[in-house]
Every structure is written in C-alpha cells, then in structure tokens.
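K.L.:
For reference, the structure I am asking about is given below.
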Amino acid sequence: MHIIVIGSGLLGLSTADTLCSFGAEVTLVDARDLGAGTSGTSFAWTNANGKLDPAYHALNVAGMKEHARLAESLEGPRTYFRSGGLQLADARQAPQLEAKVARLRELGYPTELLDVERAVEIAGDIRVPAATELIAHFPTEGYVHNEQLLRNLRARAIERGAKLIRAAVVEVDERGNGVDVRLGDERVLTADRVVLATGRWTSQIAAASGFEVPMNAEIGLGSAVTGLLGYVRSSSTRVNAVVHTPGLNLRPGEDGTIVVQALDLNPQVDPDCPPTNDGPFAEAVAERFAAATTGEAAEGLDLRLSYRSLPADGLTIAGYVPGRTRTYCLVTHSGITLGPLLGRLAAEEVADDRRNDLLEGFRPERFDDVGALAGHVGLPTQLGDQ
C-alpha cells in the first residue's frame with residue numbers, strides 16, 4: 001500500500017514513521033522546513049491537566065504514556081523528560097487551582113500539594129513569591145525537546161524507507177481506486193490513501209479539495225491562534241521541570257535555554273507587527289523571568305511567534321473525511337502531547353482499515369451536527385490553561 005502523508009510536523013512524522021514500520025510505501029510531502037509549523041514553536045508540555053472532556057482527558061493520558069514508550073525505541077539525543085509539572089497560585093488563582101486538583105484527583109490523575117521547600121527542590125532556581133497560597137505538583141507530566149524530536153523521527157522514518165518531497169499541496173482528489181495529490185509545481189502524486197496532517201493549514205487545503213474541516217484559522221491581534229514564546233539564555237539559572245507561576249510559565253529548553261511563556265500577553269501580540277528582542281514585550285518577559293527565578297538576569301532572550309493548530313471546537317480531529325474513503329484527516333491542539341499516539345493510531349486505522357475506540361469521539365463527522373460548533377474556544381490566558 002502506498003500512502004502519502006501531507007505535513008512533516010509531529011503528527012505527520014509520527015504517522016509516516018509508524019506506517020513505514022508496517023511495511024507501507026510512504027511519501028511525506030511538506031512545503032516548509034522541519035518544525036516550521038506549530039510543532040516547532042510549542043511550549044511542548046506533555047499533560048492532561050486542563051482537558052475538561054473526560055474522553056479527551058483519557059486520550060491525553062494515553063498520549064503521555066506513548067511518549068514514554070517512544071523514548072525507549074527512538075535513537076538520537078534524548079527528547080522526552082518526565083520532569084513533573086508545578087503550578088504556583090496566588091490568592092486570585094488559588095480557587096481555580098484547588099478546583100482543578102479536586103477534579104483531577106477524581107479522574108485518578110496523580111496530583112499532590114507541596115510546601116515551598118519541596119517545590120523548589122523539584123523546580124530548581126524558582127522563586128516562590130510570599131503571596132503564593134497553593135502549590136500543586138503533577139508528577140506524571142513533563143516536556144519534550146520538540147525540535148530534536150522532529151529530527152529524530154524524520155531520521156528514523158527515512159531509515160525505514162519514507163520518501164520526502166518538498167512541495168506545496170494544492171488539492172487532494174479521490175478517484176475510484178486511489179487518490180491524487182496535486183502539487184504547486186504541477187506534479188501529481190498518486191497513492192492508495194492520503195493522510196492530511198497539515199496543522200493550521202488544514203482548512204485551506206480541505207477547501208481547495210472540496211470538503212470542509214472546521215478550524216479556528218484567524219491569525220491576528222487577539223486571536224486564539226496567535227501566541228508568543230521566549231527562549232532565555234542564562235548560565236546561572238537552572239529550571240528542572242515544567243513550572244507555572246502567576247506571571248510566567250517555564251521549562252528547560254534545548255541547548256541550555258529556558259523556554260518561557262506569558263499567556264496573558266498573547267492577546268496583545270500582533271503578527272503584523274511582530275515583537276522584537278529589544279522591545280516592550282521582551283522587557284516584560286525579562287522582568288517576569290527575573291521575578292520568577294533566583295538566578296541572575298537573562299543574558300539573552302529570543303522571542304518567537306507561535307500559531308496554534310486549533311480545531312473549531314478545540315478537540316482533536318482524527319478519521320476519514322465524511323463522504324470520502326481514502327482521505328484521512330489528523331489535526332489537534334494538543335499536538336506535542338498527542339503526536340506520537342495519534343500518529344500510531346492513525347497509521348493503524350489507515351493501514352489496517354480498522355477503527356480504534358480511543359478515537360471514536362473525535363471523528364470529523366461530528367461537525368455534521370451544528371451543535372458541535374456551539375462551544376467557544378477562548379484564549380488561553382490563565383494558569384495552566386492550555
């Protein structure tokens with residue numbers, strides 16, 4: 001069986017890698033550099049912390065376990081770290097965190113409350129403000145060195161036989177016994193199946209191909225899609241885990257950096273006027289970093305825009321496009337946590353023509369019901385709200 005996977009982010013690479021392990025002929029198509037989409041600009045926190053839908057929570061828990069399994073088999077520099085996650089709440093945020101802890105405990109999600117001394121022991125050079133009222137620890141959470149993970153997966157997929165093509169996809173057209181993928185350079189690739197794993201570009205390719213995948217696709221000031229990440233260089237500050245403070249989220253990054261995120265700043269970010277490394281956004285992030293850590297001031301800060309891959313109702317989409325039998329759609333907001341799991345499950349469904357129960361609540365046909373779009377997907381601006 002020949003399968004074309006469109007998109008080389010974590011979803012696409014995980015799917016292609018697993019398909020190759022099944023013996024399928026795989027062509028991986030992408031117009032952009034590795035990590036140019038959401039996978040390369042993500043806070044990369046593996047968790048099921050804020051997933052209110054029970055089925056979605058369960059899917060994310062399974063995604064966390066899949067990372068551990070993948071880490072045992074994937075060669076290359078280490079990319080998955082089960083560091084635990086910490087959330088520090090002040091008086092304003094404490095009721096929200098207390099309610100979250102109670103809900104997660106009911107779901108059997110490992111959770112504990114810590115004192116300041118134990119929190120610092122886990123987190124590293126983190127300053128716990130005197131105003132902190134509650135500290136929660138989620139020991140099964142962690143983070144991923146996402147750019148290195150993409151490199152490791154691509155290397156293994158190629159070793160297993162995947163063929164890479166750099167080209168833009170114009171449309172996907174099913175025919176009687178296969179599917180045609182038309183490229184921007186006028187080439188036409190033919191295959192038995194196609195997996196559309198194109199993140200925030202999914203609705204654009206779908207529309208050109210004659211079907212709909214409802215997405216939050218607006219990129220602009222105040223949109224739920226637009227975000228901001230900072231990469232801090234500091235030789236004197238050590239962060240050992242994923243840490244959410246009232247003003248800043250932090251985790252260890254690649255090459256000795258610390259990845260930071262200030263969710264409340266996201267609505268102020270205008271992609272038409274990107275933040276600079278010496279402007280007001282950089283100053284605000286640097287001030288918060290100094291307040292959140294006990295080391296010296298940041299020695300360097302690199303700000304990057306990030307764009308979320310966000311289905312219309314905020315939940316994963318996984319399955320064949322309604323009315324089609326050879327075009328499989330795979331898109332999610334929880335791409336880092338779920339990438340390896342969704343890639344494996346999608347590969348199994350496409351290669352073996354069987355459905356997995358874990359994905360039953362996330363099929364594209366749910367959007368046939370207008371009620372499925374009734375919920376509002378808001379901006380993540382609060383503690384652990386992503």
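Just remember, in the structure tokens the first chain shown is A, the second B, etc., residues are 1-based per chain, and ligands are 1-based in the order shown.
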For the interface of region 143-207 of chain A with region 219-226 of chain A (cut-off 12 Å, counting only C-alpha atoms), please tabulate each contacting residue of region 143-207 of chain A alongside its nearest pair of atoms and their separation in Å to one decimal, rows sorted by chain and increasing number, as a Markdown table.
P.N.:
```
| residue | atom | partner | partner_atom | distance |
| --- | --- | --- | --- | --- |
| A:Gly199 | CA | A:Val225 | CA | 11.5 |
| A:Arg200 | CA | A:Val225 | CA | 8.8 |
| A:Trp201 | CA | A:Ile219 | CA | 11.4 |
```
K.L.:
Quick one: write out the picked residues with C-alpha atoms as a CSV table (one decimal), in the first residue's frame?
P.N.:
```csv
chain,number,residue,atom,x,y,z
A,199,GLY,CA,-2.0,21.6,11.2
A,200,ARG,CA,-3.2,25.2,10.9
A,201,TRP,CA,-3.2,24.9,7.1
```
K.L.:
Give me, as a VMD selection string, all polymer residues having an atom no more than 9 Å from region 313-328 of chain A, counting only C-alpha atoms and skipping those fewer than 4 positions away in the same chain.
P.N.:
chain A and resid 56 172 to 174 177 to 179 192 to 197 211 to 216 332 to 335 342 346 349 to 350 355 359 to 365 368 372 to 377
K.L.:
Considering only C-alpha atoms, return as a CSV table (one decimal) with N, CA and C atoms, in the first residue's frame whatever protein or nucleic-acid residues lie within 12 Å of Tyr109 (chain A), sequence-local ones (same chain, fewer than 2 positions apart) excluded.
P.N.:
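Now in out.csv:
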```csv
chain,number,residue,atom,x,y,z
A,47,ASN,N,0.9,16.7,29.0
A,47,ASN,CA,0.0,16.8,30.1
A,47,ASN,C,-1.4,16.4,29.7
A,48,ALA,N,-2.3,16.1,30.7
A,48,ALA,CA,-3.7,16.0,30.5
A,48,ALA,C,-4.4,16.9,31.6
A,49,ASN,N,-3.8,18.0,31.9
A,49,ASN,CA,-4.0,18.8,33.0
A,49,ASN,C,-5.3,19.6,32.9
A,50,GLY,N,-5.6,20.2,31.8
A,50,GLY,CA,-6.7,21.1,31.7
A,50,GLY,C,-7.8,20.6,30.7
A,51,LYS,N,-7.8,19.3,30.5
A,51,LYS,CA,-8.7,18.7,29.5
A,51,LYS,C,-10.0,18.4,30.2
A,54,PRO,N,-14.0,14.3,29.5
A,54,PRO,CA,-13.3,13.0,30.1
A,54,PRO,C,-12.7,12.2,29.0
A,57,HIS,N,-9.5,13.9,28.1
A,57,HIS,CA,-8.5,13.7,29.2
A,57,HIS,C,-7.9,12.3,29.0
A,58,ALA,N,-8.7,11.3,28.8
A,58,ALA,CA,-8.2,9.9,28.7
A,58,ALA,C,-7.3,9.8,27.5
A,60,ASN,N,-5.4,12.2,26.2
A,60,ASN,CA,-4.1,12.8,26.6
A,60,ASN,C,-3.3,12.0,27.6
A,61,VAL,N,-3.9,11.4,28.5
A,61,VAL,CA,-3.2,10.5,29.4
A,61,VAL,C,-2.5,9.4,28.6
A,62,ALA,N,-3.2,8.8,27.6
A,62,ALA,CA,-2.6,7.8,26.8
A,62,ALA,C,-1.5,8.4,26.0
A,64,MET,N,0.6,10.7,26.9
A,64,MET,CA,1.7,10.9,27.8
A,64,MET,C,2.4,9.5,27.9
A,100,LYS,N,-9.3,22.5,40.2
A,100,LYS,CA,-8.6,21.6,39.2
A,100,LYS,C,-8.0,20.4,39.9
A,101,VAL,N,-7.4,20.6,41.0
A,101,VAL,CA,-6.8,19.5,41.8
A,101,VAL,C,-7.9,18.5,42.2
A,102,ALA,N,-9.0,19.0,42.7
A,102,ALA,CA,-10.1,18.1,43.1
A,102,ALA,C,-10.6,17.3,41.9
A,103,ARG,N,-10.8,18.0,40.8
A,103,ARG,CA,-11.3,17.3,39.6
A,103,ARG,C,-10.3,16.2,39.1
A,104,LEU,N,-9.1,16.6,39.0
A,104,LEU,CA,-8.1,15.6,38.5
A,104,LEU,C,-7.9,14.4,39.4
A,105,ARG,N,-8.0,14.6,40.7
A,105,ARG,CA,-8.0,13.5,41.7
A,105,ARG,C,-9.1,12.6,41.4
A,106,GLU,N,-10.3,13.1,41.1
A,106,GLU,CA,-11.5,12.2,40.8
A,106,GLU,C,-11.2,11.4,39.6
A,107,LEU,N,-10.4,11.9,38.7
A,107,LEU,CA,-10.1,11.2,37.5
A,107,LEU,C,-9.0,10.2,37.6
A,111,THR,N,-1.7,13.7,41.6
A,111,THR,CA,-1.7,15.1,42.0
A,111,THR,C,-1.3,15.2,43.5
A,112,GLU,N,-0.5,16.1,43.8
A,112,GLU,CA,-0.2,16.3,45.2
A,112,GLU,C,0.1,17.8,45.5
A,137,HIS,N,1.5,19.8,42.4
A,137,HIS,CA,2.5,19.0,41.7
A,137,HIS,C,1.8,17.9,40.9
A,138,PHE,N,2.1,17.8,39.6
A,138,PHE,CA,1.6,16.7,38.8
A,138,PHE,C,2.7,15.9,38.3
A,139,PRO,N,3.1,14.8,39.0
A,139,PRO,CA,4.4,14.1,38.8
A,139,PRO,C,4.5,13.4,37.4
A,140,THR,N,3.4,13.1,36.8
A,140,THR,CA,3.5,12.3,35.5
A,140,THR,C,3.6,13.2,34.3
A,141,GLU,N,3.6,14.5,34.5
A,141,GLU,CA,3.7,15.5,33.4
A,141,GLU,C,5.2,15.7,33.0
```
K.L.:
Neighbours of Val239 (chain A) within 12 Å (only C-alpha atoms; same-chain residues fewer than 6 positions away dropped), as a PyMOL selection string?
P.N.:
chain A and resi 83-86+119-127+232-233+249-253+256-260+289+292-295
K.L.:
Write out as an NGL selection string the residues lying within 7 Å of Ala31 (chain A), counting only C-alpha atoms and excluding same-chain residues fewer than 2 positions away.
P.N.:
:A and (29 or 166-168)
K.L.:
Produce a file of the selected residues containing N, CA and C atoms, as a tab-separated table (two decimals), in the first residue's frame.
P.N.:
```tsv
chain	number	residue	atom	x	y	z
A	29	VAL	N	5.12	14.67	2.25
A	29	VAL	CA	5.15	15.90	1.47
A	29	VAL	C	4.98	17.10	2.39
A	166	ARG	N	9.71	18.01	-1.05
A	166	ARG	CA	9.47	19.39	-0.65
A	166	ARG	C	8.60	20.06	-1.73
A	167	ALA	N	7.35	20.28	-1.40
A	167	ALA	CA	6.43	20.90	-2.36
A	167	ALA	C	5.15	21.30	-1.64
A	168	ALA	N	4.49	22.31	-2.19
A	168	ALA	CA	3.19	22.72	-1.67
A	168	ALA	C	2.11	21.83	-2.26
```
K.L.:
Grab the CA of Arg175 (chain A) to CA of Ala208 (chain A) distance for me, in Å with one decimal place.
P.N.:
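These two atoms are separated by 16.0 Å.
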K.L.:
In Å, rounded to a single decimal, give me how far CA of Leu70 (chain A) is from CA of Leu341 (chain A).
P.N.:
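Taking CA of Leu341 (chain A) as the start and CA of Leu70 (chain A) as the end point, the length is 9.2 Å.
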K.L.:
Rank nothing, just name the residue among A:Gln93, A:Asn356, A:Gln148, A:Thr202 nearest to Ile135 (chain A), using only C-alpha atoms.
P.N.:
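Going through A:Gln93, A:Asn356, A:Gln148, A:Thr202 one by one, the smallest distance to Ile135 (chain A) is for A:Gln93.
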K.L.:
Leaving out Thr198 (chain A) and any residue of its chain fewer than 2 positions from it, which residues lie within 9 Å of it when counting only C-alpha atoms, given as a list in words?
P.N.:
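Non-adjacent residues within range: Ile6, Gly7, Ser8, Gly9, Leu11, Gly12, Asp30, Gly37, Leu196, Arg200, Trp201, Thr202, Ser203, Ile205, Ser309, Cys329, Leu330 and Val331 of chain A.
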K.L.:
For the selection just defined, write its residues with N, CA, C and O atoms to a file, as a tab-separated table (two decimals), in the first residue's frame.
P.N.:
```tsv
chain	number	residue	atom	x	y	z
A	6	ILE	N	0.75	14.22	4.19
A	6	ILE	CA	0.98	15.63	3.92
A	6	ILE	C	1.22	16.33	5.25
A	6	ILE	O	0.34	16.35	6.12
A	7	GLY	N	2.39	16.90	5.41
A	7	GLY	CA	2.75	17.58	6.66
A	7	GLY	C	3.83	16.84	7.41
A	7	GLY	O	3.70	15.63	7.67
A	8	SER	N	4.90	17.54	7.78
A	8	SER	CA	6.01	16.89	8.48
A	8	SER	C	6.22	17.47	9.87
A	8	SER	O	7.35	17.58	10.34
A	9	GLY	N	5.12	17.85	10.51
A	9	GLY	CA	5.18	18.16	11.93
A	9	GLY	C	5.15	16.87	12.73
A	9	GLY	O	5.34	15.77	12.18
A	11	LEU	N	2.69	15.22	14.10
A	11	LEU	CA	1.65	14.29	13.68
A	11	LEU	C	2.03	13.57	12.39
A	11	LEU	O	1.90	12.34	12.29
A	12	GLY	N	2.47	14.33	11.40
A	12	GLY	CA	2.81	13.72	10.12
A	12	GLY	C	3.99	12.77	10.21
A	12	GLY	O	3.96	11.67	9.67
A	30	ASP	N	5.84	18.10	2.22
A	30	ASP	CA	5.71	19.33	3.00
A	30	ASP	C	6.38	20.45	2.24
A	30	ASP	O	7.45	20.26	1.65
A	37	GLY	N	6.02	24.70	11.40
A	37	GLY	CA	4.65	24.89	11.84
A	37	GLY	C	4.54	24.92	13.35
A	37	GLY	O	5.49	25.27	14.06
A	196	LEU	N	-3.92	13.73	5.83
A	196	LEU	CA	-3.77	15.18	5.87
A	196	LEU	C	-3.41	15.58	7.29
A	196	LEU	O	-4.24	15.58	8.20
A	200	ARG	N	-2.39	24.00	11.12
A	200	ARG	CA	-3.24	25.17	10.93
A	200	ARG	C	-3.55	25.48	9.47
A	200	ARG	O	-4.37	26.35	9.19
A	201	TRP	N	-2.90	24.77	8.55
A	201	TRP	CA	-3.20	24.93	7.13
A	201	TRP	C	-4.27	23.94	6.65
A	201	TRP	O	-4.59	23.89	5.47
A	202	THR	N	-4.82	23.14	7.55
A	202	THR	CA	-5.73	22.06	7.17
A	202	THR	C	-6.97	22.58	6.46
A	202	THR	O	-7.37	22.05	5.40
A	203	SER	N	-7.63	23.59	7.00
A	203	SER	CA	-8.87	24.07	6.39
A	203	SER	C	-8.63	24.64	5.00
A	203	SER	O	-9.48	24.52	4.11
A	205	ILE	N	-6.29	23.63	2.74
A	205	ILE	CA	-6.15	22.53	1.78
A	205	ILE	C	-7.49	21.81	1.60
A	205	ILE	O	-7.86	21.42	0.48
A	309	SER	N	-2.52	25.15	16.25
A	309	SER	CA	-3.36	24.36	15.35
A	309	SER	C	-4.64	24.04	16.14
A	309	SER	O	-4.63	23.18	17.02
A	329	CYS	N	-8.02	12.65	7.90
A	329	CYS	CA	-7.66	13.95	8.45
A	329	CYS	C	-7.19	13.79	9.88
A	329	CYS	O	-7.83	13.11	10.69
A	330	LEU	N	-6.08	14.44	10.21
A	330	LEU	CA	-5.50	14.34	11.54
A	330	LEU	C	-5.02	15.73	11.97
A	330	LEU	O	-4.06	16.27	11.41
A	331	VAL	N	-5.71	16.32	12.94
A	331	VAL	CA	-5.34	17.65	13.40
A	331	VAL	C	-5.73	17.79	14.87
A	331	VAL	O	-6.75	17.26	15.30
```
K.L.:
Tell me, in Å to one decimal, how far CA of Leu303 (chain A) is from CA of Asp278 (chain A).
P.N.:
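Calculated distance between CA of Leu303 (chain A) and CA of Asp278 (chain A) is 9.5 Å.
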K.L.:
Write down as JSON, numbers by chain the residues belonging to region 9-89 of chain A that are assigned strand (DSSP E) by DSSP computed on the backbone.
P.N.:
{"A": [25, 26, 27, 28, 29, 30, 45, 46, 80, 81, 85, 86, 87, 88, 89]}
K.L.:
Export, as a JSON list (two decimals), in the first residue's frame, the selected residues with N, CA and C atoms.
P.N.:
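Below is the file result.json, written as the result:
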```json
[["chain", "number", "residue", "atom", "x", "y", "z"],
["A", 25, "GLU", "N", 4.54, 1.71, 1.75],
["A", 25, "GLU", "CA", 5.32, 2.67, 0.98],
["A", 25, "GLU", "C", 4.80, 4.06, 1.35],
["A", 26, "VAL", "N", 5.67, 4.92, 1.84],
["A", 26, "VAL", "CA", 5.25, 6.21, 2.38],
["A", 26, "VAL", "C", 5.97, 7.35, 1.67],
["A", 27, "THR", "N", 5.18, 8.32, 1.21],
["A", 27, "THR", "CA", 5.73, 9.56, 0.68],
["A", 27, "THR", "C", 5.29, 10.69, 1.60],
["A", 28, "LEU", "N", 6.24, 11.44, 2.12],
["A", 28, "LEU", "CA", 5.98, 12.53, 3.05],
["A", 28, "LEU", "C", 6.17, 13.85, 2.30],
["A", 29, "VAL", "N", 5.12, 14.67, 2.25],
["A", 29, "VAL", "CA", 5.15, 15.90, 1.47],
["A", 29, "VAL", "C", 4.98, 17.10, 2.39],
["A", 30, "ASP", "N", 5.84, 18.10, 2.22],
["A", 30, "ASP", "CA", 5.71, 19.33, 3.00],
["A", 30, "ASP", "C", 6.38, 20.45, 2.24],
["A", 45, "TRP", "N", 4.64, 21.00, 26.51],
["A", 45, "TRP", "CA", 4.34, 20.47, 27.85],
["A", 45, "TRP", "C", 3.44, 19.26, 27.69],
["A", 46, "THR", "N", 3.89, 18.08, 28.10],
["A", 46, "THR", "CA", 3.08, 16.87, 27.98],
["A", 46, "THR", "C", 2.20, 16.75, 29.22],
["A", 80, "TYR", "N", 12.48, 13.32, 25.50],
["A", 80, "TYR", "CA", 11.32, 13.28, 26.38],
["A", 80, "TYR", "C", 11.77, 13.25, 27.83],
["A", 81, "PHE", "N", 11.20, 14.14, 28.65],
["A", 81, "PHE", "CA", 11.60, 14.26, 30.04],
["A", 81, "PHE", "C", 10.35, 14.29, 30.93],
["A", 85, "GLY", "N", 5.16, 18.49, 36.69],
["A", 85, "GLY", "CA", 4.71, 19.86, 36.44],
["A", 85, "GLY", "C", 4.27, 20.50, 37.74],
["A", 86, "LEU", "N", 4.65, 21.75, 37.91],
["A", 86, "LEU", "CA", 4.30, 22.50, 39.12],
["A", 86, "LEU", "C", 3.43, 23.70, 38.75],
["A", 87, "GLN", "N", 2.44, 23.99, 39.58],
["A", 87, "GLN", "CA", 1.64, 25.19, 39.40],
["A", 87, "GLN", "C", 1.59, 25.95, 40.72],
["A", 88, "LEU", "N", 2.01, 27.21, 40.66],
["A", 88, "LEU", "CA", 2.02, 28.09, 41.83],
["A", 88, "LEU", "C", 0.89, 29.10, 41.68],
["A", 89, "ALA", "N", 0.00, 29.17, 42.66],
["A", 89, "ALA", "CA", -1.16, 30.04, 42.55],
["A", 89, "ALA", "C", -1.17, 31.09, 43.66]]
```
K.L.:
Using only C-alpha atoms, which residue out of A:Gln204, A:Gln96, A:Thr190, A:Ser235 lies closest to His2 (chain A)?
P.N.:
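Smallest distance to His2 (chain A) is found for A:Thr190.
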K.L.:
Kindly indicate which residue among A:Ala207, A:Leu97, A:Val128, A:Ala191 lies nearest to Gly247 (chain A), using only C-alpha atoms for the distances.
P.N.:
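Checking each of A:Ala207, A:Leu97, A:Val128, A:Ala191 against Gly247 (chain A), counting only C-alpha atoms, the winner is A:Val128.
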